Amino acid sequence: MRLKMLSPSEMSDDQKSILEESVSGKRGTVTPPLRAWIHAPEVARHASRLGAFLRYDTTLGPRLSELAILVTARHWNAQYEWYAHKKMALAAGLDPNIIAAINHRHVPDFNDRKAQLVYEFSESLHENHNVPKLLYKEAVEMLGEAGVVELVGLLGYYALVSMTLNTFEVELPEGETSDLVP
């Protein structure tokens with residue numbers, strides 16, 4: 001990683017408390033982007049709390065959340081994010097063929113309109129920086145207003161994560177590889 005990995009003895013009490021909060025929360029660990037964010041404790045504190053909510057507590061559920069995260073990882077060519085969330089997407093029941101299609105920048109075949117909607121919404125927002133009126137209307141009908149706000153938050157948060165991982169060159173765990181195609 002481009003930033004120095006701080007040991008607990010090099011951290012301020014504030015930095016240590018942020019790490020402790022992350023480890024004692026739903027994640028149970030210090031996430032890779034947090035290792036970078038800890039150099040700016042207020043960023044670390046707020047991003048970590050937002051991420052914990054978006055990752056575990058939205059109305060979208062794990063399968064749709066992981067779908068949106070993979071679209072984001074693909075958009076940013078975020079190797080670490082893809083590596084970590086591909087496993088989570090499979091565990092959440094996302095079809096491996098959908099994952100492969102996203103990886104190869106193909107439009108997946110969906111048998112679930114809600115998943116297709118999340119994919120289309122995510123792609124549109126990342127690629128076009130906007131969501132067409134009809135797609136937005138359908139998203140509100142299928143996900144509810146809170147669900148659409150959560151989806152936008154999830155996409156934005158994982159864009160931040162992807163940018164962090166890419167900028168600071170956070171490496172995969174030793175011996176691990178990512179199959180995300182360039």
# chains A, B, ... in the order shown; residues from 1 in each chain; ligands from 1
>>> residues_around(residues="Glu21 in chain A", least_positions_apart="3", cutoff="12 Å", atoms="only C-alpha atoms", output="ChimeraX atom specification")
/A:14-18,24-31,34,44-46,48-49,52
>>> residues_around(residues="Asp179 in chain A", least_positions_apart="6", cutoff="10 Å", atoms="only C-alpha atoms", output="PyMOL selection string")
chain A and resi 79+82-83+86+100+103
>>> residues_around(residues="Val71 in chain A", least_positions_apart="5", cutoff="7 Å", atoms="only C-alpha atoms", output="list in words")
Ile102, Ser122 and Glu123 of chain A
>>> residues_around(residues="Ser162 in chain A", least_positions_apart="6", cutoff="8 Å", atoms="only C-alpha atoms", output="ChimeraX atom specification")
/A:72-73,76,78,81
>>> atom_distance(atom1="CA of Gly175 in chain A", atom2="CA of Arg55 in chain A")
26.0 Å
>>> closest_residue(among="A:Tyr158, A:Glu66, A:Asp112, A:Phe121", to="Ala91 in chain A", atoms="only C-alpha atoms")
A:Glu66
>>> atom_distance(atom1="CA of Leu160 in chain A", atom2="CA of Ser9 in chain A")
27.7 Å
>>> select_by_dssp(residues="chain A", states="alpha helix (DSSP H)", output="MDAnalysis selection string")
chainID A and resid 13:24 32:37 41:56 61:76 79:91 96:103 113:128 133:167
>>> residues_around(residues="Glu171 in chain A", least_positions_apart="2", cutoff="9 Å", atoms="only C-alpha atoms", output="JSON, numbers by chain")
{"A": [1, 32, 79, 80, 165, 168, 169, 173, 174]}
>>> write_last_selection(atoms="C-alpha atoms", output="mmCIF file, in the first residue's frame")
data_model
loop_
_atom_site.group_PDB
_atom_site.id
_atom_site.type_symbol
_atom_site.label_atom_id
_atom_site.label_comp_id
_atom_site.auth_asym_id
_atom_site.auth_seq_id
_atom_site.Cartn_x
_atom_site.Cartn_y
_atom_site.Cartn_z
ATOM 1 C CA MET A 1 0.000 0.000 0.000
ATOM 2 C CA PRO A 32 -8.745 -2.585 3.613
ATOM 3 C CA GLN A 79 -9.349 -5.490 -8.284
ATOM 4 C CA TYR A 80 -9.537 -5.765 -4.497
ATOM 5 C CA LEU A 165 -8.260 0.936 -2.939
ATOM 6 C CA PHE A 168 -3.469 3.735 -2.423
ATOM 7 C CA GLU A 169 -2.744 0.470 -4.260
ATOM 8 C CA PRO A 173 -3.972 -10.836 0.521
ATOM 9 C CA GLU A 174 -0.793 -12.784 -0.131
#
>>> atom_distance(atom1="CA of Val148 in chain A", atom2="CA of Asp95 in chain A")
22.6 Å
>>> closest_residue(among="A:Glu150, A:His85, A:Arg2, A:Glu120", to="Tyr136 in chain A", atoms="only C-alpha atoms")
A:Glu120
>>> residues_around(residues="Leu54 in chain A", least_positions_apart="2", cutoff="12 Å", atoms="only C-alpha atoms", output="number ranges by chain")
A: 26-27, 47-52, 56-62, 64-66, 68-69, 147, 149-158
>>> write_last_selection(atoms="N, CA, C and O atoms", output="CSV table (one decimal), in the first residue's frame")
chain,number,residue,atom,x,y,z
A,26,LYS,N,-20.3,-5.1,13.1
A,26,LYS,CA,-20.7,-6.2,12.2
A,26,LYS,C,-19.6,-6.8,11.3
A,26,LYS,O,-19.6,-8.0,11.0
A,27,ARG,N,-18.7,-6.0,11.0
A,27,ARG,CA,-17.6,-6.4,10.1
A,27,ARG,C,-16.7,-7.4,10.8
A,27,ARG,O,-16.1,-8.3,10.2
A,47,ALA,N,-16.9,7.4,7.2
A,47,ALA,CA,-17.0,6.4,6.1
A,47,ALA,C,-17.2,5.0,6.6
A,47,ALA,O,-18.0,4.2,6.1
A,48,SER,N,-16.6,4.6,7.7
A,48,SER,CA,-16.7,3.3,8.3
A,48,SER,C,-18.2,3.1,8.8
A,48,SER,O,-18.8,2.1,8.5
A,49,ARG,N,-18.7,4.1,9.4
A,49,ARG,CA,-20.1,4.0,9.9
A,49,ARG,C,-21.1,3.9,8.8
A,49,ARG,O,-22.0,3.1,8.8
A,50,LEU,N,-20.9,4.8,7.8
A,50,LEU,CA,-21.8,4.7,6.6
A,50,LEU,C,-21.7,3.4,5.9
A,50,LEU,O,-22.7,2.8,5.6
A,51,GLY,N,-20.5,2.9,5.7
A,51,GLY,CA,-20.3,1.6,5.1
A,51,GLY,C,-20.9,0.5,5.8
A,51,GLY,O,-21.5,-0.4,5.2
A,52,ALA,N,-20.8,0.5,7.1
A,52,ALA,CA,-21.5,-0.6,7.9
A,52,ALA,C,-23.0,-0.6,7.7
A,52,ALA,O,-23.6,-1.7,7.5
A,56,TYR,N,-24.8,-3.8,5.5
A,56,TYR,CA,-25.5,-4.8,6.3
A,56,TYR,C,-27.0,-4.4,6.5
A,56,TYR,O,-27.7,-5.3,6.9
A,57,ASP,N,-27.4,-3.2,6.5
A,57,ASP,CA,-28.7,-2.8,7.0
A,57,ASP,C,-29.7,-2.2,6.0
A,57,ASP,O,-30.7,-1.6,6.5
A,58,THR,N,-29.4,-2.1,4.7
A,58,THR,CA,-30.4,-1.5,3.8
A,58,THR,C,-31.5,-2.5,3.6
A,58,THR,O,-31.5,-3.7,3.9
A,59,THR,N,-32.5,-2.0,2.9
A,59,THR,CA,-33.7,-2.8,2.5
A,59,THR,C,-33.4,-3.6,1.3
A,59,THR,O,-34.2,-4.4,0.9
A,60,LEU,N,-32.2,-3.4,0.7
A,60,LEU,CA,-31.9,-4.1,-0.6
A,60,LEU,C,-31.6,-5.6,-0.4
A,60,LEU,O,-31.9,-6.4,-1.3
A,61,GLY,N,-31.1,-5.9,0.8
A,61,GLY,CA,-30.7,-7.3,1.0
A,61,GLY,C,-29.3,-7.6,0.4
A,61,GLY,O,-28.8,-6.9,-0.5
A,62,PRO,N,-28.7,-8.7,0.8
A,62,PRO,CA,-27.3,-9.0,0.4
A,62,PRO,C,-27.2,-9.3,-1.1
A,62,PRO,O,-26.2,-8.8,-1.7
A,64,LEU,N,-28.9,-8.2,-3.8
A,64,LEU,CA,-29.0,-7.0,-4.6
A,64,LEU,C,-27.9,-6.0,-4.3
A,64,LEU,O,-27.3,-5.3,-5.2
A,65,SER,N,-27.5,-5.9,-3.0
A,65,SER,CA,-26.4,-5.1,-2.6
A,65,SER,C,-25.1,-5.5,-3.3
A,65,SER,O,-24.3,-4.7,-3.8
A,66,GLU,N,-24.8,-6.8,-3.3
A,66,GLU,CA,-23.6,-7.3,-3.9
A,66,GLU,C,-23.6,-7.1,-5.4
A,66,GLU,O,-22.5,-6.9,-6.0
A,68,ALA,N,-24.9,-4.6,-7.0
A,68,ALA,CA,-24.6,-3.2,-7.1
A,68,ALA,C,-23.1,-2.9,-6.9
A,68,ALA,O,-22.4,-2.2,-7.6
A,69,ILE,N,-22.6,-3.6,-5.9
A,69,ILE,CA,-21.1,-3.5,-5.5
A,69,ILE,C,-20.3,-4.0,-6.7
A,69,ILE,O,-19.3,-3.4,-7.0
A,147,GLY,N,-35.4,2.7,-0.6
A,147,GLY,CA,-34.5,1.7,-1.3
A,147,GLY,C,-33.7,2.4,-2.4
A,147,GLY,O,-32.5,2.1,-2.6
A,149,VAL,N,-32.8,5.6,-2.4
A,149,VAL,CA,-31.8,6.4,-1.7
A,149,VAL,C,-30.7,5.5,-1.2
A,149,VAL,O,-29.5,5.8,-1.4
A,150,GLU,N,-31.0,4.3,-0.7
A,150,GLU,CA,-30.0,3.4,-0.2
A,150,GLU,C,-29.1,2.9,-1.3
A,150,GLU,O,-27.9,2.8,-1.2
A,151,LEU,N,-29.7,2.6,-2.5
A,151,LEU,CA,-29.0,2.1,-3.6
A,151,LEU,C,-28.0,3.2,-4.1
A,151,LEU,O,-26.8,2.9,-4.4
A,152,VAL,N,-28.4,4.4,-4.2
A,152,VAL,CA,-27.5,5.5,-4.6
A,152,VAL,C,-26.4,5.7,-3.6
A,152,VAL,O,-25.2,5.8,-3.9
A,153,GLY,N,-26.7,5.6,-2.3
A,153,GLY,CA,-25.7,5.6,-1.3
A,153,GLY,C,-24.7,4.5,-1.4
A,153,GLY,O,-23.5,4.7,-1.2
A,154,LEU,N,-25.2,3.3,-1.6
A,154,LEU,CA,-24.4,2.1,-1.8
A,154,LEU,C,-23.4,2.3,-3.0
A,154,LEU,O,-22.2,2.0,-2.9
A,155,LEU,N,-23.9,2.8,-4.1
A,155,LEU,CA,-23.1,3.0,-5.3
A,155,LEU,C,-22.0,4.1,-5.0
A,155,LEU,O,-20.9,3.9,-5.4
A,156,GLY,N,-22.4,5.1,-4.4
A,156,GLY,CA,-21.5,6.2,-4.1
A,156,GLY,C,-20.4,5.8,-3.1
A,156,GLY,O,-19.2,6.0,-3.2
A,157,TYR,N,-20.9,5.0,-2.0
A,157,TYR,CA,-19.9,4.6,-1.0
A,157,TYR,C,-18.9,3.6,-1.6
A,157,TYR,O,-17.7,3.7,-1.4
A,158,TYR,N,-19.4,2.7,-2.4
A,158,TYR,CA,-18.4,1.7,-3.0
A,158,TYR,C,-17.6,2.3,-4.1
A,158,TYR,O,-16.5,1.8,-4.5
>>> closest_residue(among="A:Met142, A:Ile38, A:Leu70, A:Met163", to="Glu20 in chain A", atoms="only C-alpha atoms")
A:Ile38
